[in-house]
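What follows is a single structure, written as structure tokens, with notes after it.
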Amino acid sequence: SLGHFIHVKNNNLKYIGIKSLASIVRVAPKYVAPHQMEIIQCLESTDESLKRKTLDLLIRMTNTKNIVPITAKLVEYLQNLMATDEHVKAELVSRVTELAERYAPSNQWYIDTMNVIFHLGGHHVKPEVAHNLIRLVAQGSGESEDADSKLRFYAVQTMVNSLRSGEKFPDIQAQVVAWVVGEYGYLCGNESEGLQPIEEIITMLVDLIERSHEDPSTRGWILSAILKLIPQLGHIPPSVHTLIAKYSRSRNVDLMRRAKEFQALAKQPNLMEEVLPIDASCEDIELDASLPFLDAYVKQSVQGGFSKPYLPKHKRDQNIYGSEIRARVKDNQSSSSSASSSQDESGIFAGIQKKELNFSYPPPPTPAQNVTVYTTPTTPTATPLPP
């Protein structure tokens with residue numbers, strides 16, 4: 001049978017056996033399943049072609065019964081990949097996450113596996129994968145409220161343990177950890193049971209935000225997590241005072257906005273608790289589409305002649321407005337063209353044939369080039385929120 005080929009020592013014959021099994025695994029998986037362990041052992045071969053063909057076969061033969069051992073072997077292989085094998089690593093991360101989402105035996109196993117993949121895969125993990133994990137934790141499995149509570153408790157404990165390890169986080173992992181801990185960190189606040197207090201979680205997040213991050217938005221995720229935990233703590237620790245003062249002067253507009261918002265909310269504790277509620281990520285937000293709180297501002301602007309009265313959507317005639325705009329643009333272009341043509345013919349460029357530029361201007365600086373400039377503030381003391 002074809003299985004005999006993978007038991008020999010010759011790599012060429014093993015390759016033939018693996019390739020043949022890969023071609024029949026979809027139509028006759030029962031002939032492939034008995035050779036699962038021998039197939040996994042082929043990953044330890046020094047032959048790169050054989051290893052890649054084995055990976056393809058393992059992914060094809062994965063199902064709900066063998067997802068755990070196969071994923072463990074794939075993760076081990078991912079961990080041992082050389083840094084230069086970026087293409088193979090990206091493909092493997094994509095396939096493992098797809099298999100884990102499809103055949104996960106339990107939500108806890110899925111959380112553990114994704115946490116490892118985030119750590120090993122780094123920037124190869126797609127944002128959709130992180131979003132799916134966050135959505136699972138927020139919405140739960142749907143089995144029961146008790147099951148969902150246990151799932152969230154397990155998720156936040158896993159993320160807190162990751163923070164406690166002090167290891168370097170890829171951006172995608174730091175963002176997921178920040179969201180889960182910020183949203184459900186209160187589940188770890190029972191110090192009498194030996195769990196991690198909220199203040200120590202905040203301290204670890206402060207340490208995390210000060211590390212280097214490739215994605216400038218990662219610090220925004222972490223800062224939001226810290227701010228969510230403050231109302232649950234009841235006071236603002238000195239380290240958070242220093243952090244907010246620092247980022248309120250940041251050149252990163254997003255970080256500065258978040259810090260300024262927190263400074264304003266800190267003056268109104270009741271409003272802070274309302275704006276940053278506990279476990280409200282899945283609650284519907286009621287919004288009046290007419291925005292009545294702007295009526296006074298709009299009325300004043302119209303009366304002052306700064307704007308025209310609002311025109312309901314069904315009364316708008318976009319064709320008229322569009323034709324007027326196009327006509328104005330056309331007139332401006334024609335007048336500019338005639339003036340330019342006249343200058344070229346009579347000026348220093350007369351007789352020179354016009355040519356298109358063969359280069360483009362460089363793009364503007366990316367947000368990653370933002371630099372945070374701050375002075376060293378004096379160390380404040382803990383300030384309790386006013387009653």
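By convention here, the chains of the structure tokens are called A, B, ... in the order presented, each chain's residues are numbered starting at 1, and ligands are numbered starting at 1 in the order presented.
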Checklist line | DSSP helix (DSSP H, G or I) selection over range 135-180 of chain A, as a ChimeraX atom specification | finding: /A:135-139,145-165,171-180
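Considering the residues A:Ala28, A:Lys150, A:His35, A:Val177 and counting only C-alpha atoms, His131 in chain A has its shortest atom-to-atom contact with A:Val177.
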Contact residues around Leu151 in chain A with only C-alpha atoms at 12 Å, ignoring same-chain residues under 2 positions, as an mmCIF file with N, CA and C atoms, in the first residue's frame:
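Listed below is the output, part17.cif:
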```cif
data_model
loop_
_atom_site.group_PDB
_atom_site.id
_atom_site.type_symbol
_atom_site.label_atom_id
_atom_site.label_comp_id
_atom_site.auth_asym_id
_atom_site.auth_seq_id
_atom_site.Cartn_x
_atom_site.Cartn_y
_atom_site.Cartn_z
ATOM 1 N N SER A 106 -12.715 23.004 22.059
ATOM 2 C CA SER A 106 -13.301 23.792 23.143
ATOM 3 C C SER A 106 -12.850 25.236 23.005
ATOM 4 N N ASN A 107 -13.596 26.143 23.630
ATOM 5 C CA ASN A 107 -13.234 27.549 23.578
ATOM 6 C C ASN A 107 -11.938 27.819 24.323
ATOM 7 N N GLN A 108 -11.718 27.105 25.422
ATOM 8 C CA GLN A 108 -10.491 27.292 26.185
ATOM 9 C C GLN A 108 -9.266 26.885 25.359
ATOM 10 N N TRP A 109 -9.383 25.769 24.668
ATOM 11 C CA TRP A 109 -8.278 25.328 23.800
ATOM 12 C C TRP A 109 -8.031 26.355 22.699
ATOM 13 N N TYR A 110 -9.091 26.913 22.154
ATOM 14 C CA TYR A 110 -8.959 27.914 21.089
ATOM 15 C C TYR A 110 -8.235 29.158 21.602
ATOM 16 N N ILE A 111 -8.581 29.623 22.819
ATOM 17 C CA ILE A 111 -7.929 30.796 23.392
ATOM 18 C C ILE A 111 -6.443 30.528 23.604
ATOM 19 N N ASP A 112 -6.106 29.368 24.166
ATOM 20 C CA ASP A 112 -4.699 29.025 24.396
ATOM 21 C C ASP A 112 -3.922 28.953 23.088
ATOM 22 N N LEU A 133 -11.409 36.398 17.924
ATOM 23 C CA LEU A 133 -11.169 36.011 19.312
ATOM 24 C C LEU A 133 -11.835 36.992 20.269
ATOM 25 N N ILE A 134 -11.707 38.273 19.997
ATOM 26 C CA ILE A 134 -12.348 39.288 20.840
ATOM 27 C C ILE A 134 -13.862 39.128 20.824
ATOM 28 N N LEU A 136 -15.531 36.370 20.301
ATOM 29 C CA LEU A 136 -15.888 35.173 21.060
ATOM 30 C C LEU A 136 -15.938 35.472 22.551
ATOM 31 N N VAL A 137 -14.937 36.200 23.058
ATOM 32 C CA VAL A 137 -14.897 36.524 24.480
ATOM 33 C C VAL A 137 -16.048 37.460 24.851
ATOM 34 N N ALA A 138 -16.342 38.422 23.993
ATOM 35 C CA ALA A 138 -17.379 39.407 24.301
ATOM 36 C C ALA A 138 -18.783 38.806 24.214
ATOM 37 N N GLN A 139 -19.067 38.064 23.163
ATOM 38 C CA GLN A 139 -20.407 37.520 22.947
ATOM 39 C C GLN A 139 -20.619 36.180 23.620
ATOM 40 N N GLY A 140 -19.528 35.456 23.890
ATOM 41 C CA GLY A 140 -19.655 34.145 24.503
ATOM 42 C C GLY A 140 -20.021 33.082 23.487
ATOM 43 N N SER A 141 -20.116 31.848 23.972
ATOM 44 C CA SER A 141 -20.445 30.726 23.093
ATOM 45 C C SER A 141 -21.933 30.577 22.862
ATOM 46 N N GLY A 142 -22.743 31.237 23.692
ATOM 47 C CA GLY A 142 -24.192 31.130 23.547
ATOM 48 C C GLY A 142 -24.805 29.944 24.242
ATOM 49 N N GLU A 143 -23.992 29.133 24.927
ATOM 50 C CA GLU A 143 -24.529 27.958 25.614
ATOM 51 C C GLU A 143 -25.379 28.371 26.816
ATOM 52 N N SER A 144 -24.811 29.202 27.693
ATOM 53 C CA SER A 144 -25.510 29.696 28.877
ATOM 54 C C SER A 144 -24.729 30.863 29.441
ATOM 55 N N GLU A 145 -25.358 31.632 30.331
ATOM 56 C CA GLU A 145 -24.672 32.749 30.961
ATOM 57 C C GLU A 145 -23.506 32.266 31.822
ATOM 58 N N ASP A 146 -23.711 31.139 32.492
ATOM 59 C CA ASP A 146 -22.655 30.596 33.340
ATOM 60 C C ASP A 146 -21.444 30.181 32.504
ATOM 61 N N ALA A 147 -21.702 29.543 31.362
ATOM 62 C CA ALA A 147 -20.603 29.125 30.483
ATOM 63 C C ALA A 147 -19.859 30.331 29.920
ATOM 64 N N ASP A 148 -20.606 31.376 29.575
ATOM 65 C CA ASP A 148 -19.966 32.578 29.045
ATOM 66 C C ASP A 148 -19.123 33.271 30.110
ATOM 67 N N SER A 149 -19.606 33.297 31.354
ATOM 68 C CA SER A 149 -18.840 33.906 32.442
ATOM 69 C C SER A 149 -17.540 33.143 32.688
ATOM 70 N N PHE A 153 -13.732 34.585 32.272
ATOM 71 C CA PHE A 153 -12.790 34.477 33.384
ATOM 72 C C PHE A 153 -11.517 33.762 32.931
ATOM 73 N N TYR A 154 -11.682 32.700 32.156
ATOM 74 C CA TYR A 154 -10.509 31.966 31.662
ATOM 75 C C TYR A 154 -9.686 32.839 30.721
ATOM 76 N N ALA A 155 -10.378 33.596 29.854
ATOM 77 C CA ALA A 155 -9.667 34.441 28.894
ATOM 78 C C ALA A 155 -8.855 35.522 29.599
ATOM 79 N N VAL A 156 -9.456 36.195 30.570
ATOM 80 C CA VAL A 156 -8.740 37.279 31.233
ATOM 81 C C VAL A 156 -7.601 36.740 32.087
ATOM 82 N N GLN A 157 -7.777 35.562 32.696
ATOM 83 C CA GLN A 157 -6.695 34.970 33.457
ATOM 84 C C GLN A 157 -5.525 34.599 32.545
ATOM 85 N N THR A 158 -5.836 34.103 31.351
ATOM 86 C CA THR A 158 -4.793 33.762 30.389
ATOM 87 C C THR A 158 -4.014 35.004 29.962
ATOM 88 N N VAL A 180 -9.025 42.575 26.241
ATOM 89 C CA VAL A 180 -9.632 41.596 27.156
ATOM 90 C C VAL A 180 -9.432 42.019 28.606
ATOM 91 N N TYR A 184 -12.530 43.043 31.011
ATOM 92 C CA TYR A 184 -12.925 42.053 32.024
ATOM 93 C C TYR A 184 -11.894 41.924 33.151
ATOM 94 N N LEU A 187 -12.812 40.874 36.799
ATOM 95 C CA LEU A 187 -12.985 39.483 37.220
ATOM 96 C C LEU A 187 -11.770 38.985 37.994
#
```
Next item on the list: Quick one: pull the distance between CA of Lys228 in chain A and CA of Leu276 in chain A, Å, one decimal.
Entry: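 Separating CA of Lys228 in chain A from CA of Leu276 in chain A is a distance of 5.7 Å.
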Margin query: As an exercise, work out the distance from CA of Ile39 in chain A to CA of Ala100 in chain A in Å and give it to one decimal place.
Written below: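 Interatomic distance here is 19.7 Å.
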Check: Which residues come within 10 Å of Gly121 in chain A, counting only C-alpha atoms, excluding same-chain residues fewer than 2 positions away, as number ranges by chain?
Finding: A: 75, 78-79, 86, 89-90, 92-94, 114-119, 123-126, 170, 172-173
Checklist line | Who sits within 12 Å of His213 in chain A, only C-alpha atoms, same chain under 6 positions skipped, as JSON, numbers by chain | finding: {"A": [122, 123, 168, 169, 170, 171, 172, 173, 174, 175, 219, 220, 221, 222, 368, 369]}
Item checked: Nearby residues (only C-alpha atoms) at most 12 Å from Lys30 in chain A, same-chain spacing under 4 positions excluded, as a count of residues only -> 9
As a PDB file with N, CA and C atoms, in the first residue's frame, please: the residues near Tyr310 in chain A (cut-off 12 Å, only C-alpha atoms, same-chain neighbours under 6 positions excluded).
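So the final result, stored in result-v6.pdb, reads:
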```pdb
ATOM      1  N   SER A 290     -31.347  62.517  14.601  1.00  0.00           N
ATOM      2  CA  SER A 290     -31.563  63.936  14.328  1.00  0.00           C
ATOM      3  C   SER A 290     -30.608  64.838  15.105  1.00  0.00           C
ATOM      4  N   ASP A 295     -29.250  71.549  17.823  1.00  0.00           N
ATOM      5  CA  ASP A 295     -30.247  72.466  17.255  1.00  0.00           C
ATOM      6  C   ASP A 295     -29.899  73.926  17.531  1.00  0.00           C
ATOM      7  N   VAL A 298     -26.938  75.037  15.374  1.00  0.00           N
ATOM      8  CA  VAL A 298     -27.310  75.176  13.954  1.00  0.00           C
ATOM      9  C   VAL A 298     -28.150  76.432  13.741  1.00  0.00           C
ATOM     10  N   LYS A 299     -29.096  76.671  14.658  1.00  0.00           N
ATOM     11  CA  LYS A 299     -29.958  77.857  14.536  1.00  0.00           C
ATOM     12  C   LYS A 299     -29.135  79.128  14.586  1.00  0.00           C
ATOM     13  N   SER A 301     -25.997  79.483  13.798  1.00  0.00           N
ATOM     14  CA  SER A 301     -25.176  79.581  12.598  1.00  0.00           C
ATOM     15  C   SER A 301     -25.988  80.060  11.402  1.00  0.00           C
ATOM     16  N   VAL A 302     -27.227  79.574  11.289  1.00  0.00           N
ATOM     17  CA  VAL A 302     -28.089  79.987  10.169  1.00  0.00           C
ATOM     18  C   VAL A 302     -28.475  81.451  10.303  1.00  0.00           C
ATOM     19  N   ARG A 316     -33.356  67.271  -1.973  1.00  0.00           N
ATOM     20  CA  ARG A 316     -32.087  67.635  -2.593  1.00  0.00           C
ATOM     21  C   ARG A 316     -32.061  67.239  -4.064  1.00  0.00           C
TER      22      ARG A 316
END
```
Item checked: Proximity to Tyr77 in chain A - best of A:Glu44, A:Tyr103, A:Lys65, A:Ala289, only C-alpha atoms ->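 Selected residue with least distance to Tyr77 in chain A: A:Glu44.
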